[in-house]
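Visitor: Please find start37.csv (CSV, C-alpha atoms and all ligand atoms) on the next line:
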```csv
chain,number,residue,atom,x,y,z
A,1,MET,CA,1.6,22.9,30.7
A,2,GLU,CA,2.2,24.5,27.3
A,3,LEU,CA,4.6,22.9,24.8
A,4,LYS,CA,7.3,25.5,23.9
A,5,VAL,CA,7.9,25.4,20.2
A,6,GLY,CA,10.8,26.9,18.2
A,7,VAL,CA,10.1,27.6,14.5
A,8,ILE,CA,12.8,27.7,11.8
A,9,GLY,CA,11.6,29.5,8.7
A,10,THR,CA,9.2,32.4,8.9
A,11,GLY,CA,8.1,32.5,5.3
A,12,GLY,CA,4.7,31.5,3.9
A,13,ILE,CA,3.9,28.2,5.7
A,14,GLY,CA,6.1,29.0,8.7
A,15,GLN,CA,4.0,32.1,9.5
A,16,GLU,CA,0.8,30.0,9.0
A,17,HIS,CA,2.0,27.4,11.4
A,18,ILE,CA,3.0,30.1,14.0
A,19,ARG,CA,-0.5,31.6,13.7
A,20,ARG,CA,-2.2,28.2,14.2
A,21,LEU,CA,0.1,27.2,17.1
A,22,THR,CA,-0.7,30.5,18.7
A,23,ASN,CA,-4.3,31.2,17.9
A,24,VAL,CA,-6.0,28.0,16.7
A,25,ILE,CA,-4.8,24.9,18.6
A,26,THR,CA,-4.4,24.4,22.3
A,27,GLY,CA,-1.4,23.5,24.5
A,28,ALA,CA,1.4,25.1,22.6
A,29,LYS,CA,3.3,28.4,22.5
A,30,VAL,CA,5.8,29.7,20.0
A,31,THR,CA,8.8,30.8,22.0
A,32,ALA,CA,11.6,31.2,19.5
A,33,VAL,CA,12.0,31.8,15.8
A,34,SER,CA,14.7,32.2,13.2
A,35,ASP,CA,15.0,32.8,9.4
A,36,ILE,CA,17.9,33.8,7.1
A,37,ASN,CA,15.6,36.7,6.3
A,38,LYS,CA,16.3,38.3,9.7
A,39,GLU,CA,14.0,41.2,9.2
A,40,THR,CA,10.9,39.0,8.7
A,41,ALA,CA,11.9,36.7,11.6
A,42,GLN,CA,12.3,39.7,13.9
A,43,LYS,CA,8.9,41.1,12.9
A,44,VAL,CA,7.3,37.7,13.5
A,45,ALA,CA,9.1,37.3,16.8
A,46,GLU,CA,7.8,40.7,17.9
A,47,LYS,CA,4.2,40.0,16.8
A,48,TYR,CA,4.0,36.7,18.7
A,49,GLY,CA,6.2,37.5,21.7
A,50,ALA,CA,8.8,35.0,20.7
A,51,LYS,CA,12.6,35.3,21.0
A,52,PHE,CA,14.5,35.9,17.7
A,53,TYR,CA,17.6,33.8,17.1
A,54,GLU,CA,20.3,34.4,14.5
A,55,SER,CA,20.4,30.7,13.4
A,56,GLY,CA,18.2,27.6,13.3
A,57,GLU,CA,20.8,25.7,15.4
A,58,GLU,CA,20.4,28.3,18.2
A,59,VAL,CA,16.6,27.8,18.1
A,60,ILE,CA,17.0,24.0,18.4
A,61,ASN,CA,19.3,24.3,21.4
A,62,ALA,CA,17.5,27.2,23.1
A,63,PRO,CA,16.5,26.4,26.7
A,64,GLU,CA,13.0,27.8,26.1
A,65,VAL,CA,12.4,25.3,23.2
A,66,ASP,CA,10.9,21.8,23.9
A,67,ALA,CA,10.1,21.0,20.3
A,68,VAL,CA,11.0,22.3,16.8
A,69,VAL,CA,9.1,23.1,13.7
A,70,ILE,CA,11.1,23.3,10.4
A,71,ALA,CA,9.5,25.4,7.7
A,72,SER,CA,12.6,26.6,5.8
A,73,TRP,CA,13.6,25.7,2.2
A,74,ASP,CA,13.8,22.0,1.3
A,75,PRO,CA,17.6,21.7,1.2
A,76,THR,CA,17.9,22.9,4.8
A,77,HIS,CA,15.6,20.4,6.3
A,78,ALA,CA,18.0,17.4,6.8
A,79,GLY,CA,20.6,19.4,8.8
A,80,TYR,CA,18.0,20.9,11.1
A,81,VAL,CA,16.3,17.5,11.7
A,82,LEU,CA,19.7,15.9,12.5
A,83,GLU,CA,20.5,18.8,15.0
A,84,SER,CA,17.1,18.3,16.6
A,85,ILE,CA,17.7,14.6,17.1
A,86,LYS,CA,21.1,15.4,18.5
A,87,SER,CA,19.5,17.7,21.1
A,88,GLY,CA,16.9,15.0,21.9
A,89,LYS,CA,14.0,17.3,20.9
A,90,TYR,CA,10.9,16.4,19.0
A,91,VAL,CA,10.9,17.9,15.5
A,92,PHE,CA,8.1,18.5,13.0
A,93,CYS,CA,9.6,18.9,9.6
A,94,GLU,CA,7.6,20.2,6.7
A,95,LYS,CA,7.8,17.9,3.7
A,96,PRO,CA,10.1,16.9,2.1
A,97,LEU,CA,12.1,15.3,5.0
A,98,ALA,CA,15.3,15.8,2.9
A,99,THR,CA,16.2,16.3,-0.7
A,100,THR,CA,18.1,13.1,-1.1
A,101,ALA,CA,17.5,9.5,0.0
A,102,ASP,CA,21.0,9.4,1.5
A,103,GLU,CA,20.1,12.3,3.8
A,104,CYS,CA,16.9,10.5,4.8
A,105,ILE,CA,18.9,7.4,5.7
A,106,ASP,CA,21.2,9.6,7.9
A,107,ILE,CA,18.1,10.8,9.7
A,108,ILE,CA,16.8,7.3,10.1
A,109,LYS,CA,20.1,6.1,11.5
A,110,ALA,CA,20.3,9.0,13.9
A,111,GLU,CA,16.7,8.4,15.1
A,112,VAL,CA,17.3,4.6,15.5
A,113,LYS,CA,20.5,5.4,17.5
A,114,ALA,CA,18.6,7.8,19.7
A,115,LYS,CA,16.1,5.0,20.4
A,116,LYS,CA,13.2,7.4,20.3
A,117,HIS,CA,10.7,8.5,17.6
A,118,LEU,CA,11.4,12.2,17.5
A,119,VAL,CA,10.6,13.1,13.9
A,120,GLN,CA,7.3,13.8,12.2
A,121,VAL,CA,7.0,14.8,8.5
A,122,GLY,CA,4.4,17.3,7.3
A,123,PHE,CA,2.3,15.1,5.1
A,124,MET,CA,-0.9,16.9,6.2
A,125,ARG,CA,-3.3,15.0,3.9
A,126,ARG,CA,-3.3,12.2,6.4
A,127,PHE,CA,-5.2,14.6,8.7
A,128,ASP,CA,-7.8,15.7,6.1
A,129,SER,CA,-11.3,14.4,7.1
A,130,GLY,CA,-12.0,13.4,3.5
A,131,TYR,CA,-8.9,11.2,3.2
A,132,ARG,CA,-9.5,9.8,6.6
A,133,GLU,CA,-13.1,8.8,5.6
A,134,LEU,CA,-11.7,7.2,2.4
A,135,LYS,CA,-9.3,5.1,4.5
A,136,LYS,CA,-12.0,4.1,6.9
A,137,VAL,CA,-14.2,2.8,4.0
A,138,ILE,CA,-11.3,0.9,2.4
A,139,GLU,CA,-10.3,-0.6,5.7
A,140,SER,CA,-13.9,-1.7,6.5
A,141,GLY,CA,-13.5,-4.2,3.7
A,142,LYS,CA,-17.1,-3.8,2.4
A,143,LEU,CA,-15.9,-2.7,-1.0
A,144,GLY,CA,-13.5,-5.6,-1.3
A,145,ALA,CA,-9.8,-5.2,-2.1
A,146,PRO,CA,-8.6,-1.9,-3.8
A,147,LEU,CA,-7.6,-2.4,-7.4
A,148,MET,CA,-6.8,1.1,-8.7
A,149,ILE,CA,-6.5,4.7,-7.6
A,150,HIS,CA,-7.2,7.6,-10.0
A,151,ALA,CA,-6.0,10.9,-8.7
A,152,CYS,CA,-5.3,14.4,-9.8
A,153,HIS,CA,-3.4,17.3,-8.3
A,154,ARG,CA,-4.1,20.5,-10.1
A,155,ASN,CA,-2.6,23.9,-9.2
A,156,LEU,CA,-4.1,27.1,-10.5
A,157,THR,CA,-0.7,28.2,-11.7
A,158,HIS,CA,3.0,27.8,-10.8
A,159,ILE,CA,5.7,30.1,-9.5
A,160,PRO,CA,8.3,31.1,-12.1
A,161,SER,CA,11.0,29.1,-10.4
A,162,HIS,CA,9.0,25.9,-10.5
A,163,THR,CA,10.9,23.0,-12.2
A,164,THR,CA,9.9,19.8,-13.9
A,165,ASP,CA,11.4,17.8,-11.0
A,166,MET,CA,9.6,19.9,-8.4
A,167,THR,CA,6.3,18.7,-9.9
A,168,ILE,CA,7.2,15.3,-8.5
A,169,THR,CA,9.3,16.2,-5.4
A,170,ASN,CA,7.1,19.1,-4.2
A,171,SER,CA,3.6,18.5,-5.5
A,172,GLY,CA,3.2,14.8,-6.5
A,173,ILE,CA,5.0,13.8,-3.3
A,174,HIS,CA,1.7,14.3,-1.5
A,175,GLU,CA,0.0,11.7,-3.7
A,176,ILE,CA,3.0,9.4,-3.3
A,177,ASP,CA,2.5,9.5,0.4
A,178,ILE,CA,-1.3,9.5,0.6
A,179,SER,CA,-1.7,6.6,-1.8
A,180,ARG,CA,0.6,4.3,0.2
A,181,TRP,CA,-1.1,5.4,3.4
A,182,LEU,CA,-4.5,4.7,2.0
A,183,LEU,CA,-3.5,1.3,0.7
A,184,ASP,CA,-1.2,0.5,3.6
A,185,GLU,CA,1.4,-1.1,1.3
A,186,GLU,CA,4.7,-0.3,-0.5
A,187,TYR,CA,5.4,0.4,-4.1
A,188,GLU,CA,6.9,-2.0,-6.6
A,189,ASN,CA,7.7,0.4,-9.4
A,190,GLY,CA,6.8,3.8,-10.9
A,191,GLN,CA,6.9,5.8,-14.1
A,192,VAL,CA,6.3,9.3,-15.2
A,193,LEU,CA,4.6,10.0,-18.5
A,194,THR,CA,4.5,13.3,-20.3
A,195,VAL,CA,1.5,14.4,-22.3
A,196,LYS,CA,0.7,17.2,-24.7
A,197,GLN,CA,2.1,20.3,-23.0
A,198,ASN,CA,0.1,23.2,-21.7
A,199,SER,CA,1.1,26.3,-23.7
A,200,ASN,CA,0.3,28.4,-20.6
A,201,SER,CA,3.1,26.7,-18.6
A,202,SER,CA,6.6,27.9,-18.5
A,203,LYS,CA,8.5,26.8,-21.6
A,204,LYS,CA,11.2,25.2,-19.4
A,205,LEU,CA,8.6,23.1,-17.5
A,206,LEU,CA,7.2,19.7,-18.5
A,207,ASP,CA,3.6,20.3,-17.6
A,208,PRO,CA,1.4,18.3,-17.0
A,209,GLN,CA,2.9,15.0,-16.1
A,210,ILE,CA,1.3,11.7,-15.2
A,211,ILE,CA,2.6,9.6,-12.4
A,212,GLN,CA,2.0,5.9,-12.5
A,213,LEU,CA,2.8,3.7,-9.5
A,214,LYS,CA,2.2,0.0,-8.9
A,215,THR,CA,2.1,-1.5,-5.4
A,216,LYS,CA,3.6,-4.8,-4.3
A,217,SER,CA,0.2,-6.4,-4.5
A,218,GLY,CA,-0.5,-5.0,-8.0
A,219,VAL,CA,-2.7,-2.0,-7.3
A,220,ARG,CA,-2.3,0.6,-10.0
A,221,ILE,CA,-2.2,4.3,-9.2
A,222,ASP,CA,-2.4,7.1,-11.8
A,223,VAL,CA,-2.0,10.8,-10.9
A,224,GLU,CA,-2.3,13.8,-13.1
A,225,VAL,CA,0.0,16.4,-11.7
A,226,ASN,CA,-0.9,19.6,-13.5
A,227,MET,CA,0.7,22.9,-12.4
A,228,SER,CA,-1.4,25.2,-14.6
A,229,SER,CA,-5.0,24.1,-14.4
A,230,GLY,CA,-6.0,27.7,-15.1
A,231,TYR,CA,-9.1,27.4,-12.9
A,232,GLY,CA,-8.1,26.6,-9.3
A,233,TYR,CA,-6.5,24.2,-6.9
A,234,ASP,CA,-8.3,20.9,-7.3
A,235,ILE,CA,-7.4,17.7,-5.6
A,236,GLN,CA,-9.2,14.5,-6.6
A,237,CYS,CA,-8.9,10.9,-5.6
A,238,GLU,CA,-11.0,7.8,-6.3
A,239,VAL,CA,-10.2,4.4,-5.1
A,240,VAL,CA,-11.7,1.6,-7.2
A,241,CYS,CA,-12.2,-1.7,-5.3
A,242,GLU,CA,-13.6,-5.1,-6.2
A,243,LYS,CA,-17.2,-4.3,-5.3
A,244,GLY,CA,-17.4,-0.5,-5.4
A,245,ALA,CA,-15.5,2.7,-5.5
A,246,VAL,CA,-15.0,5.5,-3.0
A,247,ARG,CA,-14.2,9.1,-3.9
A,248,LEU,CA,-12.6,12.0,-2.0
A,249,PRO,CA,-15.4,14.6,-1.3
A,250,ASP,CA,-15.0,18.1,-2.8
A,251,PRO,CA,-14.7,20.9,-0.2
A,252,ASN,CA,-18.0,21.7,1.4
A,253,LYS,CA,-19.0,25.0,-0.4
A,254,VAL,CA,-22.4,26.6,-0.7
A,255,LEU,CA,-24.2,26.4,-4.0
A,256,VAL,CA,-24.6,29.9,-5.5
A,257,ARG,CA,-27.3,30.8,-8.0
A,258,TYR,CA,-26.4,33.9,-9.8
A,259,ASN,CA,-26.6,35.4,-13.3
A,260,CYS,CA,-28.4,32.4,-14.8
A,261,GLN,CA,-25.8,30.0,-13.4
A,262,ARG,CA,-25.3,27.6,-10.5
A,263,SER,CA,-21.8,27.4,-9.1
A,264,TYR,CA,-19.5,26.3,-6.2
A,265,GLU,CA,-16.3,28.1,-5.4
A,266,ILE,CA,-13.0,26.3,-6.0
A,267,TYR,CA,-10.1,27.2,-3.8
A,268,GLU,CA,-7.0,29.0,-5.2
A,269,ASP,CA,-4.4,27.0,-3.3
A,270,TRP,CA,-3.4,24.4,-0.7
A,271,SER,CA,-3.4,26.8,2.3
A,272,GLN,CA,-7.2,27.2,1.9
A,273,ARG,CA,-8.0,23.7,0.7
A,274,PHE,CA,-6.2,21.9,3.6
A,275,ILE,CA,-6.5,24.5,6.3
A,276,GLU,CA,-8.4,22.2,8.6
A,277,ALA,CA,-6.0,19.3,7.9
A,278,TYR,CA,-3.1,21.5,9.0
A,279,ASP,CA,-5.0,22.5,12.2
A,280,ILE,CA,-5.7,18.9,13.1
A,281,GLU,CA,-2.1,17.9,12.1
A,282,PHE,CA,-0.7,20.4,14.6
A,283,GLN,CA,-3.1,19.6,17.4
A,284,GLU,CA,-2.4,15.9,17.1
A,285,TRP,CA,1.4,16.6,16.9
A,286,VAL,CA,1.3,18.7,20.1
A,287,ASN,CA,-0.9,16.2,21.9
A,288,SER,CA,1.4,13.3,20.9
A,289,VAL,CA,4.6,15.1,21.9
A,290,LYS,CA,3.0,15.7,25.3
A,291,TYR,CA,2.1,12.0,25.6
A,292,ASN,CA,5.7,11.2,24.5
A,293,LYS,CA,4.4,9.0,21.6
A,294,LEU,CA,4.4,10.4,18.0
A,295,THR,CA,1.5,9.1,15.8
A,296,GLY,CA,2.0,11.0,12.5
A,297,PRO,CA,4.1,10.3,9.4
A,298,SER,CA,7.6,9.1,10.4
A,299,SER,CA,11.2,9.5,9.0
A,300,TRP,CA,10.6,6.1,7.3
A,301,ASP,CA,7.6,7.6,5.5
A,302,GLY,CA,9.7,10.7,4.5
A,303,TYR,CA,12.4,8.3,3.2
A,304,VAL,CA,10.0,6.2,1.1
A,305,ALA,CA,8.4,9.3,-0.4
A,306,CYS,CA,11.9,10.6,-1.3
A,307,VAL,CA,13.0,7.3,-2.9
A,308,THR,CA,9.8,7.0,-4.8
A,309,ALA,CA,10.1,10.6,-6.1
A,310,ASP,CA,13.7,9.9,-7.2
A,311,THR,CA,12.6,6.7,-9.0
A,312,LEU,CA,9.9,8.6,-10.9
A,313,ILE,CA,12.4,11.2,-12.0
A,314,LYS,CA,14.8,8.5,-13.1
A,315,SER,CA,11.9,6.9,-15.1
A,316,ARG,CA,11.2,10.1,-16.9
A,317,ASN,CA,14.8,10.1,-18.1
A,318,THR,CA,14.9,6.4,-19.0
A,319,GLY,CA,11.4,6.3,-20.5
A,320,ALA,CA,10.6,3.0,-18.7
A,321,ALA,CA,9.0,2.0,-15.4
A,322,GLU,CA,11.7,1.8,-12.7
A,323,ASP,CA,11.7,-0.3,-9.5
A,324,VAL,CA,11.3,1.5,-6.2
A,325,VAL,CA,14.3,0.2,-4.3
A,326,THR,CA,14.5,1.0,-0.5
A,327,ILE,CA,16.7,-0.2,2.3
A,328,ASP,CA,15.1,-2.8,4.6
A,329,LYS,CA,12.7,-1.2,7.0
A,330,PRO,CA,14.3,-1.1,10.4
A,331,GLN,CA,12.4,-2.9,13.1
A,332,PHE,CA,12.2,0.4,14.9
A,333,TYR,CA,9.6,1.7,12.3
A,334,LYS,CA,7.5,-1.5,12.2
B,401,LIG,P1,8.9,30.3,1.7
B,401,LIG,O1,10.0,30.6,0.7
B,401,LIG,O2,7.7,31.2,1.7
B,401,LIG,O3,9.5,30.3,3.2
B,401,LIG,C1,10.7,29.6,3.5
B,401,LIG,C2,11.5,30.5,4.5
B,401,LIG,O4,12.6,29.7,4.9
B,401,LIG,C3,12.0,31.8,3.9
B,401,LIG,O5,11.5,32.9,4.7
B,401,LIG,C4,13.5,31.7,3.9
B,401,LIG,O6,14.1,32.9,4.1
B,401,LIG,C5,13.7,30.7,5.0
B,401,LIG,N1,15.0,30.0,5.0
B,401,LIG,C6,15.6,29.5,3.9
B,401,LIG,N2,16.8,28.9,4.3
B,401,LIG,C7,16.8,29.0,5.7
B,401,LIG,C8,17.7,28.6,6.6
B,401,LIG,N3,18.9,27.9,6.3
B,401,LIG,N4,17.4,28.8,7.9
B,401,LIG,C9,16.3,29.5,8.3
B,401,LIG,N5,15.4,29.9,7.4
B,401,LIG,C10,15.7,29.7,6.1
B,401,LIG,O7,8.5,28.8,1.5
B,401,LIG,P2,7.2,28.0,2.0
B,401,LIG,O8,6.2,27.9,1.0
B,401,LIG,O9,6.8,28.6,3.3
B,401,LIG,O10,7.8,26.5,2.2
B,401,LIG,C11,8.6,26.2,3.2
B,401,LIG,C12,8.7,24.7,3.4
B,401,LIG,O11,7.4,24.2,3.6
B,401,LIG,C13,9.2,24.0,2.1
B,401,LIG,O12,10.0,22.9,2.4
B,401,LIG,C14,7.9,23.5,1.4
B,401,LIG,O13,8.1,22.3,0.7
B,401,LIG,C15,7.1,23.2,2.7
B,401,LIG,N6,5.6,23.3,2.4
B,401,LIG,C16,4.8,22.3,2.7
B,401,LIG,C17,3.5,22.4,2.3
B,401,LIG,C18,2.5,21.3,2.7
B,401,LIG,O14,1.5,21.1,2.0
B,401,LIG,N7,2.8,20.4,3.6
B,401,LIG,C19,2.9,23.6,1.7
B,401,LIG,C20,3.9,24.6,1.4
B,401,LIG,C21,5.2,24.5,1.8
```
Rewrite the coordinates I just gave you, this time as structure tokens.

Guide:
Amino acid sequence: MELKVGVIGTGGIGQEHIRRLTNVITGAKVTAVSDINKETAQKVAEKYGAKFYESGEEVINAPEVDAVVIASWDPTHAGYVLESIKSGKYVFCEKPLATTADECIDIIKAEVKAKKHLVQVGFMRRFDSGYRELKKVIESGKLGAPLMIHACHRNLTHIPSHTTDMTITNSGIHEIDISRWLLDEEYENGQVLTVKQNSNSSKKLLDPQIIQLKTKSGVRIDVEVNMSSGYGYDIQCEVVCEKGAVRLPDPNKVLVRYNCQRSYEIYEDWSQRFIEAYDIEFQEWVNSVKYNKLTGPSSWDGYVACVTADTLIKSRNTGAAEDVVTIDKPQFYK
């Protein structure tokens, strides 16, 4: 039987997810949509044969919706997640889970009270074949213990409304999540460093920034988060261990010989670079909802990412490394 999915937010990634739920993966059907931009939502509803609703709450509570996908703007996530938990429905929430740690705690409390894992957060890199291979090599133990991660997150360019904090909460948050997933441990402290600024970035934006994190066991992570690489969307990650190192592969592109040069294409943005990861993420989410047992990033993971991002922002203001302080992990998430 197909899982009937309601989607809130029919902008860029919302439409991408509707397309993949309808045309790419198996076992799901988009039955309801909503967006504050009603015109777009109505067009999308018509295109995919879904029902248009005036509000996200109506989508969540609609009888033809078994599970919810939230792809609206960041500040709207927490309210819709809480409403989904209240209605007892599974909910896939695009990252970030919420914009404040307190909202994440409200979600954790509601989920614990519901006594059921209902929430998955959209950290899609955990579904990327390259990162999964990295994790497998680390966990095999043949390279010894991990000591350091060197990573970089380069965007071609940034939207005019991009802010200094968004570099951490919207972009660097992927590295915050993936590093702790790769290492399977929590952070001790973190700091943001600024470097010589790129004259091509907005004058209001600190760009690039360097994220430094230290885990409880002492592993050091450094991430260049660069919103104006000027050449493409480029994600790199190398884990250095006691007896060797393992590196994320570049996307598999053909080698072109042309005009006295050899070259490989570099993607323009995340939607191309991680397209397969998103497909796998949604197929696994649909399967796990059907089996009544979520396997992807949880509310706890969304909370830790949010607290870590807040800590990094604080450190940029204090100029010193700041401790990552979380509430005790509820038994429910262990
Ligand atoms: P977008 O601006 O293209 O689309 C967001 C849509 O949400 C807009 O159509 C807007 O009208 C709608 N919206 C805003 N408030 C709403 C509300 N209260 N109820 C219903 N609809 C509402 O933005 P985009 O790029 O699609 O991002 C959406 C979310 O997805 C963001 O939270 C973003 O962080 C996340 N995202 C995650 C990515 C990932 O790599 N996992 C990549 C891109 C976005």

Visitor: Give as number ranges by chain the residues surrounding ligand LIG 401 (chain B) up to a distance of 6 Å, considering all atoms listed in the file.

Guide: A: 8-14, 34-37, 56, 71-74, 76, 94-96, 122-124, 170

Visitor: Counting only C-alpha atoms, which of A:Thr26, A:Gln283, A:Tyr53, A:Ile275 gets nearest to Glu39 in chain A?

Guide: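 That would be A:Tyr53, the residue with the smallest distance to Glu39 in chain A.
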
Visitor: Do a neighbour search on Ile138 in chain A at 9 Å with only C-alpha atoms, toss out local chain neighbours closer than 4 positions, and write the hits as a PyMOL selection string.

Guide: chain A and resi 133-134+142-146+182-183+239+241+246

Visitor: Write out, as a tab-separated table (two decimals), in the coordinates of the input, the residues just selected, with C-alpha atoms.

Guide:
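Resulting contents of out13.tsv:
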```
chain	number	residue	atom	x	y	z
A	133	GLU	CA	-13.10	8.80	5.60
A	134	LEU	CA	-11.70	7.20	2.40
A	142	LYS	CA	-17.10	-3.80	2.40
A	143	LEU	CA	-15.90	-2.70	-1.00
A	144	GLY	CA	-13.50	-5.60	-1.30
A	145	ALA	CA	-9.80	-5.20	-2.10
A	146	PRO	CA	-8.60	-1.90	-3.80
A	182	LEU	CA	-4.50	4.70	2.00
A	183	LEU	CA	-3.50	1.30	0.70
A	239	VAL	CA	-10.20	4.40	-5.10
A	241	CYS	CA	-12.20	-1.70	-5.30
A	246	VAL	CA	-15.00	5.50	-3.00
```

Visitor: Excluding Leu213 in chain A and residues on its chain fewer than 4 positions from it, collect all residues at most 12 Å away from it, counting only C-alpha atoms, and give them as a PDB file with C-alpha atoms, in the frame of the given file.

Guide:
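The file below, result03.pdb, is the result:
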```pdb
ATOM      1  CA  MET A 148      -6.800   1.100  -8.700  1.00  0.00           C
ATOM      2  CA  ILE A 149      -6.500   4.700  -7.600  1.00  0.00           C
ATOM      3  CA  HIS A 150      -7.200   7.600 -10.000  1.00  0.00           C
ATOM      4  CA  ALA A 151      -6.000  10.900  -8.700  1.00  0.00           C
ATOM      5  CA  GLY A 172       3.200  14.800  -6.500  1.00  0.00           C
ATOM      6  CA  GLU A 175       0.000  11.700  -3.700  1.00  0.00           C
ATOM      7  CA  ILE A 176       3.000   9.400  -3.300  1.00  0.00           C
ATOM      8  CA  ASP A 177       2.500   9.500   0.400  1.00  0.00           C
ATOM      9  CA  SER A 179      -1.700   6.600  -1.800  1.00  0.00           C
ATOM     10  CA  ARG A 180       0.600   4.300   0.200  1.00  0.00           C
ATOM     11  CA  GLU A 185       1.400  -1.100   1.300  1.00  0.00           C
ATOM     12  CA  GLU A 186       4.700  -0.300  -0.500  1.00  0.00           C
ATOM     13  CA  TYR A 187       5.400   0.400  -4.100  1.00  0.00           C
ATOM     14  CA  GLU A 188       6.900  -2.000  -6.600  1.00  0.00           C
ATOM     15  CA  ASN A 189       7.700   0.400  -9.400  1.00  0.00           C
ATOM     16  CA  GLY A 190       6.800   3.800 -10.900  1.00  0.00           C
ATOM     17  CA  GLN A 191       6.900   5.800 -14.100  1.00  0.00           C
ATOM     18  CA  VAL A 192       6.300   9.300 -15.200  1.00  0.00           C
ATOM     19  CA  LEU A 193       4.600  10.000 -18.500  1.00  0.00           C
ATOM     20  CA  SER A 217       0.200  -6.400  -4.500  1.00  0.00           C
ATOM     21  CA  GLY A 218      -0.500  -5.000  -8.000  1.00  0.00           C
ATOM     22  CA  VAL A 219      -2.700  -2.000  -7.300  1.00  0.00           C
ATOM     23  CA  ARG A 220      -2.300   0.600 -10.000  1.00  0.00           C
ATOM     24  CA  ILE A 221      -2.200   4.300  -9.200  1.00  0.00           C
ATOM     25  CA  ASP A 222      -2.400   7.100 -11.800  1.00  0.00           C
ATOM     26  CA  VAL A 223      -2.000  10.800 -10.900  1.00  0.00           C
ATOM     27  CA  GLU A 224      -2.300  13.800 -13.100  1.00  0.00           C
ATOM     28  CA  THR A 308       9.800   7.000  -4.800  1.00  0.00           C
ATOM     29  CA  ALA A 309      10.100  10.600  -6.100  1.00  0.00           C
ATOM     30  CA  THR A 311      12.600   6.700  -9.000  1.00  0.00           C
ATOM     31  CA  LEU A 312       9.900   8.600 -10.900  1.00  0.00           C
ATOM     32  CA  SER A 315      11.900   6.900 -15.100  1.00  0.00           C
ATOM     33  CA  ALA A 321       9.000   2.000 -15.400  1.00  0.00           C
ATOM     34  CA  GLU A 322      11.700   1.800 -12.700  1.00  0.00           C
ATOM     35  CA  ASP A 323      11.700  -0.300  -9.500  1.00  0.00           C
ATOM     36  CA  VAL A 324      11.300   1.500  -6.200  1.00  0.00           C
TER      37      VAL A 324
END
```

Visitor: Enter the distance from CA of Arg132 in chain A to CA of Ile280 in chain A, in Å, rounded to one decimal.

Guide: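 Answer for the CA of Arg132 in chain A to CA of Ile280 in chain A separation: 11.8 Å.
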
Visitor: Determine the nearest neighbour of His117 in chain A from the options A:Lys136, A:Ile85, A:Asn198, A:His77, counting only C-alpha atoms.

Guide: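 The shortest atom-to-atom distance to His117 in chain A comes from A:Ile85.
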
Visitor: For range 307-318 of chain A, supply N, CA and C atoms and report the output as a tab-separated table (two decimals), in the coordinates of the input.

Guide:
```tsv
chain	number	residue	atom	x	y	z
A	307	VAL	N	12.54	8.35	-1.94
A	307	VAL	CA	13.00	7.30	-2.90
A	307	VAL	C	12.07	7.17	-4.05
A	308	THR	N	10.78	7.20	-3.76
A	308	THR	CA	9.80	7.00	-4.80
A	308	THR	C	9.86	8.21	-5.80
A	309	ALA	N	10.01	9.41	-5.27
A	309	ALA	CA	10.10	10.60	-6.10
A	309	ALA	C	11.37	10.48	-7.03
A	310	ASP	N	12.48	10.05	-6.42
A	310	ASP	CA	13.70	9.90	-7.20
A	310	ASP	C	13.52	8.84	-8.32
A	311	THR	N	12.81	7.76	-7.98
A	311	THR	CA	12.60	6.70	-9.00
A	311	THR	C	11.73	7.24	-10.13
A	312	LEU	N	10.75	8.04	-9.81
A	312	LEU	CA	9.90	8.60	-10.90
A	312	LEU	C	10.70	9.54	-11.77
A	313	ILE	N	11.57	10.32	-11.17
A	313	ILE	CA	12.40	11.20	-12.00
A	313	ILE	C	13.32	10.43	-12.88
A	314	LYS	N	13.88	9.36	-12.32
A	314	LYS	CA	14.80	8.50	-13.10
A	314	LYS	C	13.96	7.92	-14.31
A	315	SER	N	12.73	7.50	-14.06
A	315	SER	CA	11.90	6.90	-15.10
A	315	SER	C	11.63	7.87	-16.25
A	316	ARG	N	11.52	9.14	-15.88
A	316	ARG	CA	11.20	10.10	-16.90
A	316	ARG	C	12.45	10.22	-17.86
A	317	ASN	N	13.61	10.01	-17.28
A	317	ASN	CA	14.80	10.10	-18.10
A	317	ASN	C	15.07	8.80	-18.90
A	318	THR	N	14.71	7.63	-18.31
A	318	THR	CA	14.90	6.40	-19.00
A	318	THR	C	13.78	6.02	-19.96
```
